[in-house]
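Presented below is the structure to which this report refers.
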Amino acid sequence: MSLLTLIFSKDRALQLEATLNSFALHAHEAATTPITVLFRTSSPAFRQGYQQLAKDYTDKLTINWVEENMFRDDVLAQLLGPRPSSRRERWLRRLRLHPAPLQHQHLLFLVDDNIFVRPFSLDAIVDALNNTPTSLGFSLRLGRNTTNCYSLRCTQALPSFQPGLLGLRFSWSGQTGDFGYPLEVSSSVYRTWDLAPLLSRLPFNNPNRLEQVLATASPLLAGRLPELLCFEQSVAFCAPVNKVQTVFDNRAGSKQDNSSEALNELFLRGTRVDVDSLANFKPDAAHVELDLPLHTRSLP
């Protein structure tokens with residue numbers, strides 16, 4: 001398996017720790033899966049949080065910590081390698097005369113408020129994708145249990161599921177809510193060669209814009225890749241307890257105790273999310289706003 005887990009993060013060390021910890025707890029191949037955390041900070045205190053987190057996970061997971069410089073170039077570098085230095089090579093790459101080599105065959109997008117809640121195998125997911133040529137991706141956040149759409153504040157009809165090689169498959173075109181949103185950055189696995197041609201042409205400068213342009217471009221893939229795969233019951237969800245960007249007015253929690261500043265201060269004092277207590281949690285949506293279960297560890 002050649003799969004990269006790419007996580008986008010900004011000013012959320014405590015929430016990102018929950019993502020990494022729950023991934024280590026539930027992904028069978030977590031210890032051998034390369035992870036890139038593309039992160040950004042807005043103050044020295046937030047930077048200190050990421051430094052502590054990197055130290056904590058040095059011997060736990062294989063993580064490449066990349067501080068954001070130019071977001072689009074940073075993302076493409078993870079998928080296609082470094083940007084060509086010469087104008088001629090960039091021109092030839094745009095013409096696809098010298099196509100860029102893929103760094104990894106598959107890609108798992110995550111964001112820093114993802115939490116995993118039950119076991120899953122990335123090897124099995126990749127096998128299911130490779131053996132279902134009509135599939136666009138494998139969603140870890142969808143299942144028969146996701147009957148609500150948090151972002152749109154509404155219920156969402158379940159699609160007509162068919163048995164898949166691993167869980168379920170369904171036609172995503174024409175679906176409502178999250179089931180009709182096949183390209184997203186918060187816990188789906190894709191073939192890199194399906195996304196690379198889009199990403200190398202589309203404009204984006206942050207994770208929200210990236211998801212927006214992917215969603216806009218998804219109809220281009222409906223004819224060739226009309227299906228999406230998922231488990232019977234989702235294995236991940238997003239916990240949108242705060243908001244750290246101003247690009248889109250996405251729905252999120254607004255409690256002052258859950259602000260990025262407040263949670264970072266707790267993190268630096270040793271507080272962590274108790275991901276064990278969320279094992280087997282059954283979310284009714286891809287995003288669930290909940291009170292994070294916190295506990296405090298002893299600092300050295």
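By order in the structure tokens, chains are A, B, ...; within a chain, residues start at 1; ligands start at 1, following the order shown.
Look at A:Asp178: the protein and nucleic acid residues within 8 Å of it, using only C-alpha atoms and passing over chain neighbours fewer than 5 places away, are Leu142, Cys149, Gln156 and Ala286 of chain A.
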(request) Quick one: pull the distance between atom CA of A:Leu140 and atom CA of A:Glu211, Å, one decimal. (result)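 Taking atom CA of A:Leu140 as the start and atom CA of A:Glu211 as the end point, the length is 16.3 Å.
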(message) as number ranges by chain, please: every residue in stretch 7-179 of chain A that a backbone DSSP assignment puts in strand (DSSP E or B).
(response) A: 7-10, 27, 35-40, 63-67, 106-111, 114-116, 120, 135-139, 148-149, 154-155, 162-163, 168-171
Kindly save the residues from that selection, with N, CA and C atoms included, as a short mmCIF file (atom, residue, chain, number, x, y, z; two decimals), in the first residue's frame.
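Writing the result to part.cif gives the following:
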```cif
data_model
loop_
_atom_site.label_atom_id
_atom_site.label_comp_id
_atom_site.auth_asym_id
_atom_site.auth_seq_id
_atom_site.Cartn_x
_atom_site.Cartn_y
_atom_site.Cartn_z
N ILE A 7 -2.98 15.84 6.68
CA ILE A 7 -3.83 16.51 7.67
C ILE A 7 -3.60 18.01 7.61
N PHE A 8 -4.68 18.78 7.53
CA PHE A 8 -4.60 20.24 7.54
C PHE A 8 -4.93 20.73 8.95
N SER A 9 -4.11 21.66 9.46
CA SER A 9 -4.31 22.12 10.83
C SER A 9 -3.90 23.57 10.99
N LYS A 10 -4.65 24.28 11.82
CA LYS A 10 -4.31 25.65 12.19
C LYS A 10 -4.72 25.91 13.64
N ALA A 27 -6.88 2.87 13.47
CA ALA A 27 -6.40 2.48 12.13
C ALA A 27 -5.38 1.34 12.29
N ILE A 35 2.38 10.10 7.49
CA ILE A 35 1.45 11.19 7.76
C ILE A 35 2.18 12.51 7.53
N THR A 36 1.54 13.41 6.82
CA THR A 36 2.03 14.78 6.72
C THR A 36 1.02 15.69 7.40
N VAL A 37 1.49 16.47 8.35
CA VAL A 37 0.67 17.50 8.97
C VAL A 37 1.11 18.84 8.38
N LEU A 38 0.22 19.44 7.60
CA LEU A 38 0.47 20.76 7.03
C LEU A 38 -0.20 21.76 7.95
N PHE A 39 0.60 22.50 8.71
CA PHE A 39 0.05 23.31 9.78
C PHE A 39 0.42 24.78 9.64
N ARG A 40 -0.37 25.58 10.35
CA ARG A 40 -0.17 27.03 10.36
C ARG A 40 -0.48 27.54 11.76
N ILE A 63 5.37 10.98 11.30
CA ILE A 63 4.77 12.25 10.93
C ILE A 63 5.82 13.19 10.36
N ASN A 64 5.49 13.77 9.22
CA ASN A 64 6.29 14.83 8.62
C ASN A 64 5.56 16.14 8.90
N TRP A 65 6.16 16.99 9.74
CA TRP A 65 5.54 18.25 10.11
C TRP A 65 5.98 19.33 9.11
N VAL A 66 5.02 19.87 8.36
CA VAL A 66 5.33 20.87 7.33
C VAL A 66 4.60 22.16 7.68
N GLU A 67 5.35 23.20 7.97
CA GLU A 67 4.73 24.49 8.24
C GLU A 67 4.33 25.15 6.93
N HIS A 106 -2.36 6.60 -3.17
CA HIS A 106 -3.64 6.92 -2.54
C HIS A 106 -3.44 8.01 -1.50
N LEU A 107 -4.53 8.70 -1.21
CA LEU A 107 -4.47 9.87 -0.33
C LEU A 107 -5.65 9.86 0.60
N LEU A 108 -5.37 9.99 1.90
CA LEU A 108 -6.42 10.19 2.91
C LEU A 108 -6.34 11.62 3.38
N PHE A 109 -7.38 12.40 3.08
CA PHE A 109 -7.48 13.77 3.58
C PHE A 109 -8.06 13.76 4.98
N LEU A 110 -7.46 14.54 5.90
CA LEU A 110 -8.02 14.74 7.23
C LEU A 110 -7.89 16.20 7.62
N VAL A 111 -8.70 16.61 8.57
CA VAL A 111 -8.58 17.94 9.19
C VAL A 111 -8.42 17.74 10.69
N ASN A 114 -11.07 15.99 13.12
CA ASN A 114 -11.50 14.61 12.91
C ASN A 114 -11.23 13.77 14.16
N ILE A 115 -12.15 12.89 14.47
CA ILE A 115 -11.97 11.92 15.54
C ILE A 115 -12.43 10.56 15.02
N PHE A 116 -11.61 9.53 15.22
CA PHE A 116 -11.97 8.17 14.81
C PHE A 116 -12.57 7.44 15.99
N PHE A 120 -10.68 0.25 11.73
CA PHE A 120 -10.76 0.14 10.28
C PHE A 120 -9.37 -0.18 9.73
N SER A 135 -15.59 3.62 -8.55
CA SER A 135 -15.66 4.40 -7.31
C SER A 135 -14.74 5.61 -7.37
N LEU A 136 -15.22 6.73 -6.88
CA LEU A 136 -14.42 7.95 -6.78
C LEU A 136 -13.58 7.96 -5.51
N GLY A 137 -14.14 7.46 -4.42
CA GLY A 137 -13.42 7.47 -3.16
C GLY A 137 -14.10 6.60 -2.13
N PHE A 138 -13.51 6.55 -0.95
CA PHE A 138 -14.06 5.79 0.16
C PHE A 138 -14.20 6.75 1.33
N SER A 139 -15.44 7.02 1.74
CA SER A 139 -15.71 7.95 2.83
C SER A 139 -15.70 7.24 4.16
N ASN A 148 -28.34 12.94 9.29
CA ASN A 148 -28.45 14.39 9.39
C ASN A 148 -27.26 15.06 8.72
N CYS A 149 -27.49 16.28 8.24
CA CYS A 149 -26.42 17.10 7.68
C CYS A 149 -26.24 18.32 8.58
N CYS A 154 -30.19 20.04 8.47
CA CYS A 154 -31.35 19.32 7.96
C CYS A 154 -31.09 17.81 8.02
N THR A 155 -32.18 17.08 7.89
CA THR A 155 -32.02 15.63 7.72
C THR A 155 -31.61 15.36 6.29
N GLN A 162 -25.90 -0.26 -2.13
CA GLN A 162 -25.67 -1.59 -2.66
C GLN A 162 -24.50 -2.21 -1.89
N PRO A 163 -24.46 -3.53 -1.79
CA PRO A 163 -23.32 -4.16 -1.11
C PRO A 163 -22.02 -3.85 -1.86
N LEU A 168 -20.41 -0.61 1.90
CA LEU A 168 -21.47 -0.22 0.99
C LEU A 168 -20.91 0.59 -0.19
N ARG A 169 -21.71 0.67 -1.24
CA ARG A 169 -21.43 1.58 -2.35
C ARG A 169 -22.74 2.24 -2.77
N PHE A 170 -22.64 3.44 -3.32
CA PHE A 170 -23.85 4.14 -3.77
C PHE A 170 -23.48 5.15 -4.85
N SER A 171 -24.45 5.54 -5.65
CA SER A 171 -24.27 6.59 -6.65
C SER A 171 -24.41 7.93 -5.96
#
```
(message) Quick one: residues within 10 Å of A:Gln103, only C-alpha atoms, excluding same-chain residues fewer than 4 positions away - as a count of residues only?
(response) 11
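Omitting A:Asp113 and its sequence neighbours fewer than 6 positions away, and counting only C-alpha atoms, the residues within 6 Å are A:Gln15, A:Cys238, A:Ala239.
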With N, CA and C atoms retained, write the just-selected residues as a PDB file, in the first residue's frame.
```pdb
ATOM      1  N   GLN A  15      -6.964  19.644  19.505  1.00  0.00           N
ATOM      2  CA  GLN A  15      -7.850  18.885  18.643  1.00  0.00           C
ATOM      3  C   GLN A  15      -7.067  17.959  17.712  1.00  0.00           C
ATOM      4  N   CYS A 238     -16.304  14.716  12.378  1.00  0.00           N
ATOM      5  CA  CYS A 238     -15.673  15.973  12.758  1.00  0.00           C
ATOM      6  C   CYS A 238     -16.396  16.543  13.973  1.00  0.00           C
ATOM      7  N   ALA A 239     -15.625  17.094  14.895  1.00  0.00           N
ATOM      8  CA  ALA A 239     -16.185  17.738  16.087  1.00  0.00           C
ATOM      9  C   ALA A 239     -15.939  19.235  15.981  1.00  0.00           C
TER      10      ALA A 239
END
```
(request) Considering only C-alpha atoms, return as a ChimeraX atom specification whatever protein or nucleic-acid residues lie within 12 Å of A:Leu25, sequence-local ones (same chain, fewer than 3 positions apart) excluded. (result) /A:17-22,28-31,60-61,115-121,235,274-280
(request) Choose the residue, out of A:Val244, A:Glu232, A:Pro203, A:Arg251, that has the smallest atom-to-atom separation from A:Leu152; count only C-alpha atoms. (result)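 Residue with the minimum atom-to-atom distance to A:Leu152: A:Arg251.
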(request) From the DSSP assignment of the backbone, select every residue of stretch 177-238 of chain A that is helix (DSSP H, G or I), and format the answer as a VMD selection string. (result) chain A and resid 177 to 180 192 to 199 207 to 221
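Straight-line separation from atom CA of A:Val288 to atom CA of A:Arg144: 15.5 Å.
Here the question is which of A:Leu214, A:Leu53, A:Ala285, A:Leu268 gets nearest to A:Leu158 using only C-alpha atoms, and that residue is A:Ala285.
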(request) May I ask which of the residues A:Ala236, A:Leu165, A:Leu266, A:Leu221 is the closest one to A:His287, counting only C-alpha atoms? (result)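 Residue with the minimum atom-to-atom distance to A:His287: A:Ala236.
Shortest atom-to-atom contact with A:Phe281 among A:Gly174, A:Asp56, A:Asn145, A:Thr216: A:Asn145, counting only C-alpha atoms.
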